[in-house]
Amino acid sequence: MALLGAALAVAAILGLTVRIDLYEHERYQQSVRLDTVRHASMVRARLEAALNLRLHLTKGLAAFAKAHPRDDLDHFQSFAAGLAKTGLAGIRSLQLAPNAIVKYVYPLQGNEVVLHHDLLADPARRAAVQRTIDKRLFIVAGPFSLLQGGEGLVARDPIFTGPDNNSFWGFATVVLDIGPILAEGGLITDADPHFQVALRGKDSLGAEGAPFFGDAGLFERDPVLLSVLLPHGSWQLAVMPAKGWPTTGPYSALIWSMGILIALLGGFVVYSRLFASASLRLAVARATLALRDSEERFRSVAESATDAIISVDGTGTVVFWNPAAAGILQYQAAEAVGRPINALLLPPAAEAAHPLQFFAPLPRAAAQADGVITSVATRKDGVVLPVELTVSHWTHNGETFLTAILRDVSERKAAEREQALLKERYFQAQKMEAVGTLASGAAHEFNNILNTLMACTEKAIGELPPDSAATPTLHDVLDASWRAAEIVRQLLIFSEKQTEPDAPFDPVAALDKLLPTIRATLPPSVTLVTDIRASGLTLAMNHDRFCHVVWNLAINAVRAMVATGGTLTIRLEEVTLPAFSRRADDGAVRLALGDMPVGPALKLTVADTGQGIDAETLARVFEPFFTTANVGDGLGLGLPVVLGIVQADGGAIEVATRKGGDGTRFEITLRAGPPA
């Protein structure tokens, strides 16, 4: 019996050691996977940045081709030379291919072999080219062997012309070397030796595309998988530690050494307690005290953990609640122990399928609760937190228990949302910069033509007799030219930067004069609400341009409510902006452009209660000549001019909207000057 009792004690302690070792191993695996995810996210961000900096050139080529739809591209070389001056490595060539035949190439030197190349007749490229035409999408093909040598990517944007954009004109193409893109992604010269990396997804086919970098077998070894977003497609990035996923924890040897030692000591204590003589009982008592000290050391590990550790019995009642759980969930151990776990953590209206219901009833949970669960938990103050749960079950004296390691992932979720917003802001800024460059060039060219046209018309009017039949017609030409010149002026406001600061002025006084005019133009169904809380700060920008911004935003808001009526709100307030700020997730779709000033600033808000803007339309609201108004109601230059004024004066503009929700809000933040 003594040997049996000692054996049972040793087995129990070794069983506890196994569980502790498994927990430490799982924690270490999660830490390694999190580090791998961070590295993969960094590589993905670098790859996407390297690609986006180069792919936007395709849109500039497409805009140039659409401006010359009759194949009159005599200025292609000069235009492409200016477009290619990016300072970026790996831009092999810029091409235009009317009817899918390459006719224009920059630079021509080194790319002669592709001139007059028929893309649809090339069996190696026909499938990707035809897919681009059929789907009418901007698609990145490759990487593959380029005709002019080397491995590279081909970004093709199909161009359609005609009244309904149904006539296929050809392609605007940018050819890129793959090497510099991989290098900027940190996969060649700056590769981290602690990780293995592989890429697949030729021709932007994502997981279905062929591998083209790294060990293709890496995708079969449970790597971290992330999608590298491309225009209308993606690559798939696989990352895992260089030595593979760990099979043991870093403290496994220490845990087993302590476990075996304590198991032997426990077996000896049990043997001594059962059959030792009175002379040995003192030694047994000392060994028992040592065993209790070891148990306290194990408990101290749980109490010093940064993650919440919660244990419940078979009825779902809390039996253990560590200090980290008190810090995360705001219930002290005295409040939590002895209460049902679901009553503490579940939201009041939680459904039966809520992941935290795994705590009860326990017999069902014991069969399926092991593993990591993504869920939410309610704090004592009612705030709902996103959490990750690692749940395991164990038995003691015939009773089953559950232990959960709960991690608050609020900061991580907020960081992911912020990263998505920053990425979208960067993409929009690149897009608007390309559109602004094109608009500026076109506006200057048109301005030169208009100056000549107006001068000749005025000269003709001056040389004709006053009663000439041609004089009224020439006046009509002159009036139309002045209207065209105004459109050119607005395009230049959108695309050009302010070079000299204007004299500071009081924006409150400017609004006091402008608001009565706005109120007088409102239809009866629209109510104006103002909230002017600025107290003396000035703006170093053109007074008339500031009023132009307010007027355009107000008119735009009124048009959104003309059918249903609503409230137009105009607010001006002082703010002090930190170097970095994080917005709350209110569910709105957002678009932000410009540079947010740091320090004292003035924020102008113009909001309506209309039906909101969908995400697809929101992405284009600042493009020149894009409008959702009826024909004759506007040219689509109001918001682009607003953006041009704001960016020229070093400010930022943000649009927040919910389609079918509570309307649209334009927030303009401008750097403030001292009181007048």
# chains A, B, ... in the order shown; residues from 1 in each chain; ligands from 1

call {"tool": "residues_around", "arguments": {"residues": "range 593-604 of chain A", "least_positions_apart": "6", "cutoff": "8 Å", "atoms": "only C-alpha atoms", "output": "ChimeraX atom specification"}}
result
/A:425,428-429,534,537,570-579,646-647,650-654,667-673

call {"tool": "residues_around", "arguments": {"residues": "Asp307 in chain A", "least_positions_apart": "2", "cutoff": "8 Å", "atoms": "only C-alpha atoms", "output": "PyMOL selection string"}}
result
chain A and resi 305+309+324-325+405-408

call {"tool": "write_last_selection", "arguments": {"atoms": "N, CA and C atoms", "output": "compact mmCIF listing (two decimals), in the first residue's frame"}}
result
# COMPACT_ATOMS: atom_id res chain seq x y z
N ALA A 305 1.10 36.64 -14.00
CA ALA A 305 0.88 36.66 -15.45
C ALA A 305 0.20 37.96 -15.86
N ILE A 309 -6.23 34.89 -16.00
CA ILE A 309 -6.34 33.43 -15.85
C ILE A 309 -7.53 33.17 -14.94
N ALA A 324 -4.41 39.79 -12.89
CA ALA A 324 -4.56 40.33 -14.25
C ALA A 324 -6.02 40.34 -14.68
N ALA A 325 -6.79 39.33 -14.24
CA ALA A 325 -8.23 39.32 -14.56
C ALA A 325 -8.93 40.50 -13.90
N ILE A 405 -7.27 31.28 -20.30
CA ILE A 405 -6.33 32.40 -20.35
C ILE A 405 -6.94 33.42 -21.30
N LEU A 406 -7.30 34.59 -20.76
CA LEU A 406 -8.04 35.61 -21.51
C LEU A 406 -7.14 36.81 -21.76
N ARG A 407 -7.04 37.20 -23.03
CA ARG A 407 -6.18 38.33 -23.42
C ARG A 407 -7.03 39.44 -24.03
N ASP A 408 -6.86 40.67 -23.52
CA ASP A 408 -7.55 41.84 -24.08
C ASP A 408 -6.81 42.28 -25.35

call {"tool": "atom_distance", "arguments": {"atom1": "CA of Leu119 in chain A", "atom2": "CA of Ala210 in chain A"}}
result
21.5 Å

call {"tool": "atom_distance", "arguments": {"atom1": "CA of Ala563 in chain A", "atom2": "CA of Val621 in chain A"}}
result
20.2 Å

call {"tool": "atom_distance", "arguments": {"atom1": "CA of Pro107 in chain A", "atom2": "CA of Ala80 in chain A"}}
result
8.4 Å

call {"tool": "select_by_dssp", "arguments": {"residues": "range 196-332 of chain A", "states": "strand (DSSP E)", "output": "ChimeraX atom specification"}}
result
/A:196-200,211-213,224-230,233-241,308-312,318-321

call {"tool": "residues_around", "arguments": {"residues": "Ala334 in chain A", "least_positions_apart": "2", "cutoff": "12 Å", "atoms": "only C-alpha atoms", "output": "list in words"}}
result
Val318, Val319, Phe320, Trp321, Asn322, Pro323, Ala325, Ala326, Gln330, Tyr331, Gln332, Ala336, Val337, Gly338 and Arg339 of chain A

call {"tool": "write_last_selection", "arguments": {"atoms": "N, CA and C atoms", "output": "PDB file, in the first residue's frame"}}
result
ATOM      1  N   VAL A 318     -16.867  30.509 -10.666  1.00  0.00           N
ATOM      2  CA  VAL A 318     -15.462  30.891 -10.622  1.00  0.00           C
ATOM      3  C   VAL A 318     -14.812  30.355  -9.347  1.00  0.00           C
ATOM      4  N   VAL A 319     -13.657  29.671  -9.519  1.00  0.00           N
ATOM      5  CA  VAL A 319     -12.895  29.178  -8.365  1.00  0.00           C
ATOM      6  C   VAL A 319     -11.514  29.821  -8.286  1.00  0.00           C
ATOM      7  N   PHE A 320     -11.051  30.435  -9.368  1.00  0.00           N
ATOM      8  CA  PHE A 320      -9.760  31.125  -9.342  1.00  0.00           C
ATOM      9  C   PHE A 320      -9.837  32.338 -10.250  1.00  0.00           C
ATOM     10  N   TRP A 321      -9.278  33.471  -9.804  1.00  0.00           N
ATOM     11  CA  TRP A 321      -9.365  34.762 -10.517  1.00  0.00           C
ATOM     12  C   TRP A 321      -8.078  35.513 -10.214  1.00  0.00           C
ATOM     13  N   ASN A 322      -7.145  35.564 -11.170  1.00  0.00           N
ATOM     14  CA  ASN A 322      -5.840  36.153 -10.867  1.00  0.00           C
ATOM     15  C   ASN A 322      -5.877  37.684 -10.953  1.00  0.00           C
ATOM     16  N   PRO A 323      -4.828  38.381 -10.451  1.00  0.00           N
ATOM     17  CA  PRO A 323      -4.837  39.856 -10.469  1.00  0.00           C
ATOM     18  C   PRO A 323      -4.984  40.454 -11.867  1.00  0.00           C
ATOM     19  N   ALA A 325      -6.795  39.327 -14.241  1.00  0.00           N
ATOM     20  CA  ALA A 325      -8.232  39.317 -14.557  1.00  0.00           C
ATOM     21  C   ALA A 325      -8.929  40.499 -13.896  1.00  0.00           C
ATOM     22  N   ALA A 326      -8.517  40.830 -12.661  1.00  0.00           N
ATOM     23  CA  ALA A 326      -9.105  41.987 -11.992  1.00  0.00           C
ATOM     24  C   ALA A 326      -8.769  43.278 -12.731  1.00  0.00           C
ATOM     25  N   GLN A 330     -12.058  44.420 -14.254  1.00  0.00           N
ATOM     26  CA  GLN A 330     -12.486  45.360 -13.217  1.00  0.00           C
ATOM     27  C   GLN A 330     -13.249  44.708 -12.061  1.00  0.00           C
ATOM     28  N   TYR A 331     -13.374  43.387 -12.065  1.00  0.00           N
ATOM     29  CA  TYR A 331     -13.918  42.686 -10.902  1.00  0.00           C
ATOM     30  C   TYR A 331     -12.741  42.206 -10.048  1.00  0.00           C
ATOM     31  N   GLN A 332     -12.753  42.532  -8.745  1.00  0.00           N
ATOM     32  CA  GLN A 332     -11.748  42.003  -7.854  1.00  0.00           C
ATOM     33  C   GLN A 332     -12.027  40.525  -7.587  1.00  0.00           C
ATOM     34  N   ALA A 336     -15.514  38.116  -7.757  1.00  0.00           N
ATOM     35  CA  ALA A 336     -15.711  37.141  -8.829  1.00  0.00           C
ATOM     36  C   ALA A 336     -15.815  35.712  -8.330  1.00  0.00           C
ATOM     37  N   VAL A 337     -14.958  35.327  -7.386  1.00  0.00           N
ATOM     38  CA  VAL A 337     -14.938  33.926  -6.934  1.00  0.00           C
ATOM     39  C   VAL A 337     -16.278  33.584  -6.285  1.00  0.00           C
ATOM     40  N   GLY A 338     -16.840  32.451  -6.705  1.00  0.00           N
ATOM     41  CA  GLY A 338     -18.124  32.002  -6.180  1.00  0.00           C
ATOM     42  C   GLY A 338     -19.312  32.434  -7.023  1.00  0.00           C
ATOM     43  N   ARG A 339     -19.105  33.271  -8.066  1.00  0.00           N
ATOM     44  CA  ARG A 339     -20.201  33.709  -8.928  1.00  0.00           C
ATOM     45  C   ARG A 339     -20.133  32.996 -10.275  1.00  0.00           C
TER      46      ARG A 339
END

call {"tool": "select_by_dssp", "arguments": {"residues": "range 164-239 of chain A", "states": "alpha helix (DSSP H)", "output": "PyMOL selection string"}}
result
chain A and resi 178-184

call {"tool": "closest_residue", "arguments": {"among": "A:Ser227, A:Leu51, A:Asp157, A:Ala84", "to": "Ala97 in chain A", "atoms": "only C-alpha atoms"}}
result
A:Asp157

call {"tool": "residues_around", "arguments": {"residues": "Ala509 in chain A", "least_positions_apart": "4", "cutoff": "12 Å", "atoms": "only C-alpha atoms", "output": "list in words"}}
result
Phe505, Lys513, Leu514, Leu515, Ile532, Ala534, Ser535, Gly536, Leu537, Thr538, Leu539, His543, Phe546, Cys547, Leu572 and Ala676 of chain A

call {"tool": "closest_residue", "arguments": {"among": "A:Ala6, A:Arg33, A:Leu88, A:Gln95", "to": "Leu264 in chain A", "atoms": "only C-alpha atoms"}}
result
A:Ala6

call {"tool": "residues_around", "arguments": {"residues": "Arg38 in chain A", "least_positions_apart": "4", "cutoff": "12 Å", "atoms": "only C-alpha atoms", "output": "compact mmCIF listing (two decimals) with N, CA and C atoms, in the first residue's frame"}}
result
# COMPACT_ATOMS: atom_id res chain seq x y z
N SER A 31 3.43 33.23 -28.77
CA SER A 31 4.36 34.35 -28.85
C SER A 31 5.15 34.32 -30.16
N VAL A 32 5.63 33.12 -30.54
CA VAL A 32 6.39 32.98 -31.79
C VAL A 32 5.50 33.30 -32.98
N ARG A 33 4.24 32.81 -32.96
CA ARG A 33 3.33 33.08 -34.09
C ARG A 33 3.02 34.58 -34.18
N LEU A 34 2.85 35.25 -33.01
CA LEU A 34 2.59 36.69 -33.04
C LEU A 34 3.76 37.45 -33.64
N MET A 42 4.84 43.48 -41.70
CA MET A 42 5.82 44.47 -42.13
C MET A 42 6.26 44.21 -43.58
N VAL A 43 6.52 42.93 -43.91
CA VAL A 43 6.91 42.59 -45.29
C VAL A 43 5.80 42.95 -46.26
N ARG A 44 4.52 42.60 -45.88
CA ARG A 44 3.40 42.91 -46.76
C ARG A 44 3.28 44.42 -46.99
N ALA A 45 3.40 45.21 -45.90
CA ALA A 45 3.28 46.66 -46.04
C ALA A 45 4.36 47.22 -46.96
N PHE A 195 13.47 34.28 -40.27
CA PHE A 195 12.20 33.88 -40.86
C PHE A 195 12.41 33.34 -42.28
N VAL A 224 2.22 31.43 -41.55
CA VAL A 224 1.33 32.59 -41.47
C VAL A 224 1.10 33.08 -42.89
N LEU A 225 -0.18 33.17 -43.29
CA LEU A 225 -0.53 33.56 -44.65
C LEU A 225 -1.19 34.94 -44.64
N LEU A 226 -0.67 35.85 -45.46
CA LEU A 226 -1.26 37.18 -45.62
C LEU A 226 -1.38 37.49 -47.12
N VAL A 239 4.95 33.12 -44.30
CA VAL A 239 6.09 33.38 -43.41
C VAL A 239 6.04 32.40 -42.25
N MET A 240 7.19 31.85 -41.90
CA MET A 240 7.29 31.05 -40.69
C MET A 240 8.73 31.14 -40.17
N PRO A 241 8.96 30.79 -38.91
CA PRO A 241 10.31 30.88 -38.37
C PRO A 241 11.31 30.06 -39.19
N ARG A 412 -4.71 45.97 -30.06
CA ARG A 412 -4.32 45.38 -31.34
C ARG A 412 -5.38 45.64 -32.40
N GLU A 416 -4.95 47.79 -35.83
CA GLU A 416 -5.26 47.26 -37.16
C GLU A 416 -6.18 48.21 -37.92

call {"tool": "closest_residue", "arguments": {"among": "A:Val129, A:Val270, A:Val175, A:Leu8", "to": "Ser145 in chain A", "atoms": "only C-alpha atoms"}}
result
A:Val175

call {"tool": "residues_around", "arguments": {"residues": "range 171-174 of chain A", "least_positions_apart": "3", "cutoff": "7 Å", "atoms": "only C-alpha atoms", "output": "ChimeraX atom specification"}}
result
/A:58,61-62,93-98,100,154-159
